[in-house]
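*Asks:* Okay, handing you the structure first.
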2 protein chains.
Amino acid sequence: MLSNACQYAIRSILYLSIHSNETKKIGVKVIADELETPQPFLAKLLQQLAKKKLVSSIKGPHGGFYLTKKNNENSLWDIVTCIDGTDKFDNCFLGLATCDDKNPCPVHFIVVPFKQKLLNDFRDKTIAQFTKEITLSGRVISLKDFNALKD
Amino acid sequence: MLSNACQYAIRSILYLSIHSNETKKIGVKVIADELETPQPFLAKLLQQLAKKKLVSSIKGPHGGFYLTKKNNENSLWDIVTCIDGTDKFDNCFLGLATCDDKNPCPVHFIVVPFKQKLLNDFRDKTIAQFTKEITLSGRVISLKDFNALKD
DNA sequence: CTCAAAACATAACAATTGTCATATTTTAAT
DNA sequence: ATTAAAATATGACAATTGTTATGTTTTGAG
């Protein structure tokens, strides 16, 4: 559904939301290690996200990536838009150019409500809100989290 | 979400369900033309589907592809399984190996109900049932259908 | 002011998916 | 029997996505 790239991007932003702030930056190496994602690939993604102001970054020694208050007010949808684009969600499930409520494809009314709900949740909920839920209810964003919960 | 291949496959099976039967076979050329899909690619797909008995076929002059009664009792899910496999639907939305109800990722409870419903609809409804709905309620499976409805 | 740690940029490589081309086999019609 | 229309099989090519590698720029610390 989402590309690997986008999954990594979402997880790393959630990770930064939990563990970083203006005074505590985190390097790619650490993030990639914690989330168990390929390091150079993640670096590229974080740069894309930085360009679109979805994450903040500082170069040089003790530099790294972090999320500002403002960054935390973005949505998962912003990340998806930045990495994957929205075609996957806009387009007809069977690939028809003409499919809509008036001229539905055979699965239109099965798929559309789901997509709508998903899109709303992704668009309306901020990163900060997700993070709150993650810390309060023990959500998992990496294998390490999973193992930590087991202890 | 679904691959192009799978979208073509579903549409061509629905097309065959509407327009073919044991005594009326249809060649790839016609199907590809009607659905406006690349012909050689569709041929390959139909062969995959034939191997898994999701469509029937006869070689030689006046041969072609068609759906038997039995073929019509299959589900869309059978097609998805045959062409794309089920990973996309089984796996965690964020790509985590450990994600489940007990150890949910941050979007788990947003995504799972939807996936469940989609999966049920795709698995429980037969091709025949879809076809009935298509003919009764004027569903669209190609641009040609769309234009026909406008007339 | 030099050095090293980090992000940033670019490009090479690999794997998957989508597409096209060519040849072979089957079979109905003549 | 021969022929031609179809499916079937195989492989080549292109495009996208995922991954890795290499080099450049920025900047804090000594």
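Ligands are numbered from 1 in the order shown, chains are lettered A, B, ... in the order of the structure tokens, and residues start at 1 in each chain.
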Could you list the residues in chain C lying within 7 Å of chain A, using only C-alpha atoms (C1' of nucleotides), and format the result as an NGL selection string?

*Replies:* :C and (5-7)

*Asks:* Would you pick out the contacts of Ser3 in chain B at 10 Å or less, using only C-alpha atoms (C1' of nucleotides), so that residues sharing its chain but fewer than 5 positions from it are not included, and give the list as a ChimeraX atom specification?

*Replies:* /A:1,93-95 /B:8-9,80,83-84 /C:17-18

*Asks:* Pick out the residues sitting within 12 Å of range 16-23 of chain D, and hand them over as a PyMOL selection string; count only C-alpha atoms (C1' of nucleotides), and ignore anything fewer than 4 positions along from it in its own chain.

*Replies:* (chain A and resi 3-6+8+37-45+83-84) or (chain C and resi 8-18)

*Asks:* Compile the contact shell of range 124-133 of chain B as a ChimeraX atom specification: residues with an atom at most 12 Å away, counting only C-alpha atoms (C1' of nucleotides), same-chain residues fewer than 5 positions apart removed.

*Replies:* /A:104-110 /B:10-20,54-55,67-79,116-119,138-141

*Asks:* Since we have the selection now, will you write its residues out, keeping N, CA and C atoms, as a tab-separated table (two decimals), in the first residue's frame?

*Replies:*
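Once written, part11.tsv looks like this:
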```tsv
chain	number	residue	atom	x	y	z
A	104	PRO	N	-19.67	4.42	-11.06
A	104	PRO	CA	-18.79	3.63	-10.19
A	104	PRO	C	-18.30	2.35	-10.86
A	105	CYS	N	-17.09	1.99	-10.54
A	105	CYS	CA	-16.59	0.66	-10.92
A	105	CYS	C	-17.21	-0.36	-9.96
A	106	PRO	N	-17.07	-1.63	-10.25
A	106	PRO	CA	-17.75	-2.64	-9.44
A	106	PRO	C	-17.36	-2.66	-7.95
A	107	VAL	N	-16.19	-2.18	-7.62
A	107	VAL	CA	-15.80	-2.19	-6.20
A	107	VAL	C	-15.85	-0.79	-5.57
A	108	HIS	N	-16.31	0.16	-6.33
A	108	HIS	CA	-16.28	1.55	-5.88
A	108	HIS	C	-16.87	1.74	-4.48
A	109	PHE	N	-18.07	1.23	-4.28
A	109	PHE	CA	-18.76	1.50	-3.01
A	109	PHE	C	-18.26	0.62	-1.86
A	110	ILE	N	-17.44	-0.33	-2.19
A	110	ILE	CA	-16.76	-1.09	-1.15
A	110	ILE	C	-15.52	-0.33	-0.68
B	10	ILE	N	-8.63	-8.42	-12.88
B	10	ILE	CA	-9.99	-8.34	-12.34
B	10	ILE	C	-10.96	-7.84	-13.40
B	11	ARG	N	-10.57	-6.79	-14.08
B	11	ARG	CA	-11.47	-6.23	-15.08
B	11	ARG	C	-11.74	-7.23	-16.21
B	12	SER	N	-10.71	-7.97	-16.61
B	12	SER	CA	-10.93	-8.89	-17.72
B	12	SER	C	-11.79	-10.07	-17.30
B	13	ILE	N	-11.64	-10.50	-16.06
B	13	ILE	CA	-12.51	-11.58	-15.60
B	13	ILE	C	-13.96	-11.10	-15.49
B	14	LEU	N	-14.15	-9.90	-15.00
B	14	LEU	CA	-15.52	-9.37	-14.95
B	14	LEU	C	-16.07	-9.23	-16.37
B	15	TYR	N	-15.20	-8.81	-17.28
B	15	TYR	CA	-15.64	-8.68	-18.67
B	15	TYR	C	-16.08	-10.03	-19.22
B	16	LEU	N	-15.26	-11.04	-18.97
B	16	LEU	CA	-15.59	-12.38	-19.46
B	16	LEU	C	-16.85	-12.90	-18.79
B	17	SER	N	-17.01	-12.55	-17.53
B	17	SER	CA	-18.20	-13.01	-16.82
B	17	SER	C	-19.46	-12.46	-17.47
B	18	ILE	N	-19.37	-11.24	-17.94
B	18	ILE	CA	-20.53	-10.61	-18.58
B	18	ILE	C	-20.73	-11.13	-20.00
B	19	HIS	N	-19.64	-11.24	-20.75
B	19	HIS	CA	-19.79	-11.42	-22.20
B	19	HIS	C	-19.48	-12.82	-22.72
B	20	SER	N	-18.96	-13.70	-21.90
B	20	SER	CA	-18.62	-15.03	-22.42
B	20	SER	C	-19.38	-16.13	-21.70
B	54	LEU	N	-8.83	-20.00	-13.02
B	54	LEU	CA	-9.75	-18.88	-12.73
B	54	LEU	C	-10.46	-18.44	-14.01
B	55	VAL	N	-9.85	-18.73	-15.15
B	55	VAL	CA	-10.57	-18.60	-16.42
B	55	VAL	C	-10.35	-19.90	-17.20
B	67	LEU	N	-15.63	-17.95	-19.20
B	67	LEU	CA	-15.84	-18.35	-17.81
B	67	LEU	C	-16.94	-19.41	-17.74
B	68	THR	N	-16.62	-20.49	-17.06
B	68	THR	CA	-17.65	-21.50	-16.81
B	68	THR	C	-18.46	-21.09	-15.58
B	69	LYS	N	-19.52	-21.84	-15.32
B	69	LYS	CA	-20.30	-21.63	-14.09
B	69	LYS	C	-19.37	-21.67	-12.89
B	70	LYS	N	-18.51	-22.65	-12.90
B	70	LYS	CA	-17.60	-22.84	-11.76
B	70	LYS	C	-16.64	-21.65	-11.64
B	71	ASN	N	-16.10	-21.21	-12.75
B	71	ASN	CA	-15.22	-20.04	-12.74
B	71	ASN	C	-15.94	-18.84	-12.13
B	72	ASN	N	-17.22	-18.75	-12.39
B	72	ASN	CA	-18.00	-17.62	-11.89
B	72	ASN	C	-18.24	-17.67	-10.39
B	73	GLU	N	-17.97	-18.80	-9.79
B	73	GLU	CA	-18.16	-18.91	-8.34
B	73	GLU	C	-16.90	-18.51	-7.57
B	74	ASN	N	-15.84	-18.21	-8.28
B	74	ASN	CA	-14.65	-17.72	-7.59
B	74	ASN	C	-14.86	-16.29	-7.10
B	75	SER	N	-13.91	-15.82	-6.32
B	75	SER	CA	-14.03	-14.47	-5.75
B	75	SER	C	-12.94	-13.55	-6.31
B	76	LEU	N	-13.13	-12.28	-6.11
B	76	LEU	CA	-12.09	-11.32	-6.47
B	76	LEU	C	-10.80	-11.63	-5.72
B	77	TRP	N	-10.97	-12.11	-4.51
B	77	TRP	CA	-9.81	-12.41	-3.68
B	77	TRP	C	-8.94	-13.49	-4.33
B	78	ASP	N	-9.59	-14.46	-4.99
B	78	ASP	CA	-8.84	-15.50	-5.68
B	78	ASP	C	-7.96	-14.88	-6.77
B	79	ILE	N	-8.49	-13.87	-7.43
B	79	ILE	CA	-7.71	-13.20	-8.48
B	79	ILE	C	-6.53	-12.46	-7.87
B	116	GLN	N	-10.03	-5.41	7.02
B	116	GLN	CA	-10.86	-6.57	7.30
B	116	GLN	C	-12.12	-6.56	6.45
B	117	LYS	N	-12.75	-5.40	6.39
B	117	LYS	CA	-14.00	-5.30	5.63
B	117	LYS	C	-13.74	-5.54	4.14
B	118	LEU	N	-12.69	-4.92	3.65
B	118	LEU	CA	-12.34	-5.07	2.25
B	118	LEU	C	-12.09	-6.54	1.93
B	119	LEU	N	-11.32	-7.16	2.80
B	119	LEU	CA	-10.98	-8.56	2.59
B	119	LEU	C	-12.23	-9.43	2.58
B	138	GLY	N	-25.55	-0.93	-13.61
B	138	GLY	CA	-24.74	-0.13	-14.54
B	138	GLY	C	-23.39	0.27	-14.00
B	139	ARG	N	-22.60	-0.72	-13.57
B	139	ARG	CA	-21.24	-0.43	-13.16
B	139	ARG	C	-20.34	-0.35	-14.39
B	140	VAL	N	-19.22	0.31	-14.21
B	140	VAL	CA	-18.33	0.60	-15.33
B	140	VAL	C	-17.05	-0.22	-15.19
B	141	ILE	N	-16.63	-0.91	-16.23
B	141	ILE	CA	-15.33	-1.59	-16.16
B	141	ILE	C	-14.37	-1.15	-17.27
```

*Asks:* What is the distance between CA of Thr86 in chain B and CA of Asp100 in chain B, in Å to one decimal?

*Replies:*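 Separating CA of Thr86 in chain B from CA of Asp100 in chain B is a distance of 16.6 Å.
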
*Asks:* Could you tell me, as a PyMOL selection string, which residues of chain B DSSP assigns to alpha helix (DSSP H) when given the backbone?

*Replies:* chain B and resi 4-19+28-35+39-51+69-72+76-83+87-90+108-124+127-137+143-150

*Asks:* Per residue of chain D within 10 Å of chain B, what are the shortest atom pair and its distance in Å to one decimal, counting only C-alpha atoms (C1' of nucleotides), with rows by chain and residue number, as a tab-separated table?

*Replies:*
```
residue	atom	partner	partner_atom	distance
D:DA4	C1'	B:Pro61	CA	7.6
D:DA5	C1'	B:Pro61	CA	4.1
D:DA6	C1'	B:Gly60	CA	4.3
D:DA7	C1'	B:Lys59	CA	4.7
D:DT8	C1'	B:Gln47	CA	7.4
D:DA9	C1'	B:Lys44	CA	9.5
```

*Asks:* When you draw a straight line from CA of Gly85 in chain A to CA of Ile31 in chain A, how long is it in Å?

*Replies:*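 Interatomic distance, CA of Gly85 in chain A to CA of Ile31 in chain A: 23.7 Å.
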
*Asks:* What is the distance between CA of Lys53 in chain A and CA of Cys82 in chain A, in Å to one decimal?

*Replies:* 10.1 Å

*Asks:* Would you give me, as an MDAnalysis selection string, the residues in range 7-149 of chain B that DSSP reads as strand (DSSP E or B)?

*Replies:* chainID B and resid 21 24 26 56:58 64:66 75 126

*Asks:* Take the residues from that selection and write them out as a CSV table (one decimal), in the first residue's frame, keeping N, CA and C atoms.

*Replies:*
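File produced: again39.csv:
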```csv
chain,number,residue,atom,x,y,z
B,21,ASN,N,-19.4,-17.3,-22.3
B,21,ASN,CA,-19.8,-18.5,-21.6
B,21,ASN,C,-19.3,-19.7,-22.3
B,24,LYS,N,-19.4,-19.3,-25.9
B,24,LYS,CA,-19.0,-18.1,-26.6
B,24,LYS,C,-17.7,-17.6,-26.0
B,26,ILE,N,-13.9,-15.6,-26.2
B,26,ILE,CA,-13.5,-14.3,-26.6
B,26,ILE,C,-11.9,-14.3,-26.6
B,56,SER,N,-11.2,-20.1,-18.2
B,56,SER,CA,-11.1,-21.3,-19.0
B,56,SER,C,-10.6,-20.8,-20.4
B,57,SER,N,-10.0,-21.7,-21.2
B,57,SER,CA,-9.6,-21.3,-22.5
B,57,SER,C,-9.5,-22.5,-23.5
B,58,ILE,N,-9.7,-22.2,-24.7
B,58,ILE,CA,-9.6,-23.2,-25.8
B,58,ILE,C,-8.7,-22.6,-26.9
B,64,GLY,N,-10.6,-19.2,-27.5
B,64,GLY,CA,-10.5,-18.0,-26.8
B,64,GLY,C,-10.7,-18.2,-25.3
B,65,PHE,N,-11.0,-17.2,-24.6
B,65,PHE,CA,-11.2,-17.3,-23.1
B,65,PHE,C,-12.6,-17.2,-22.8
B,66,TYR,N,-13.0,-17.9,-21.7
B,66,TYR,CA,-14.4,-17.8,-21.3
B,66,TYR,C,-14.5,-18.2,-19.8
B,75,SER,N,-13.9,-15.8,-6.3
B,75,SER,CA,-14.0,-14.5,-5.8
B,75,SER,C,-12.9,-13.6,-6.3
B,126,THR,N,-19.0,-13.6,-4.9
B,126,THR,CA,-18.5,-14.3,-6.1
B,126,THR,C,-18.5,-13.4,-7.3
```

*Asks:* With only C-alpha atoms as the basis for distance, which of B:Ala32, B:Leu136, B:Ala148, B:Val111 is at the shortest distance from chain A?

*Replies:*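 Smallest distance to chain A is found for B:Val111.
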
*Asks:* Which of these residues is nearest to chain A, using only C-alpha atoms: B:Thr135, B:Lys115, B:Gln7, B:Leu149?

*Replies:*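 Of B:Thr135, B:Lys115, B:Gln7, B:Leu149, the one nearest chain A, counting only C-alpha atoms, is B:Gln7.
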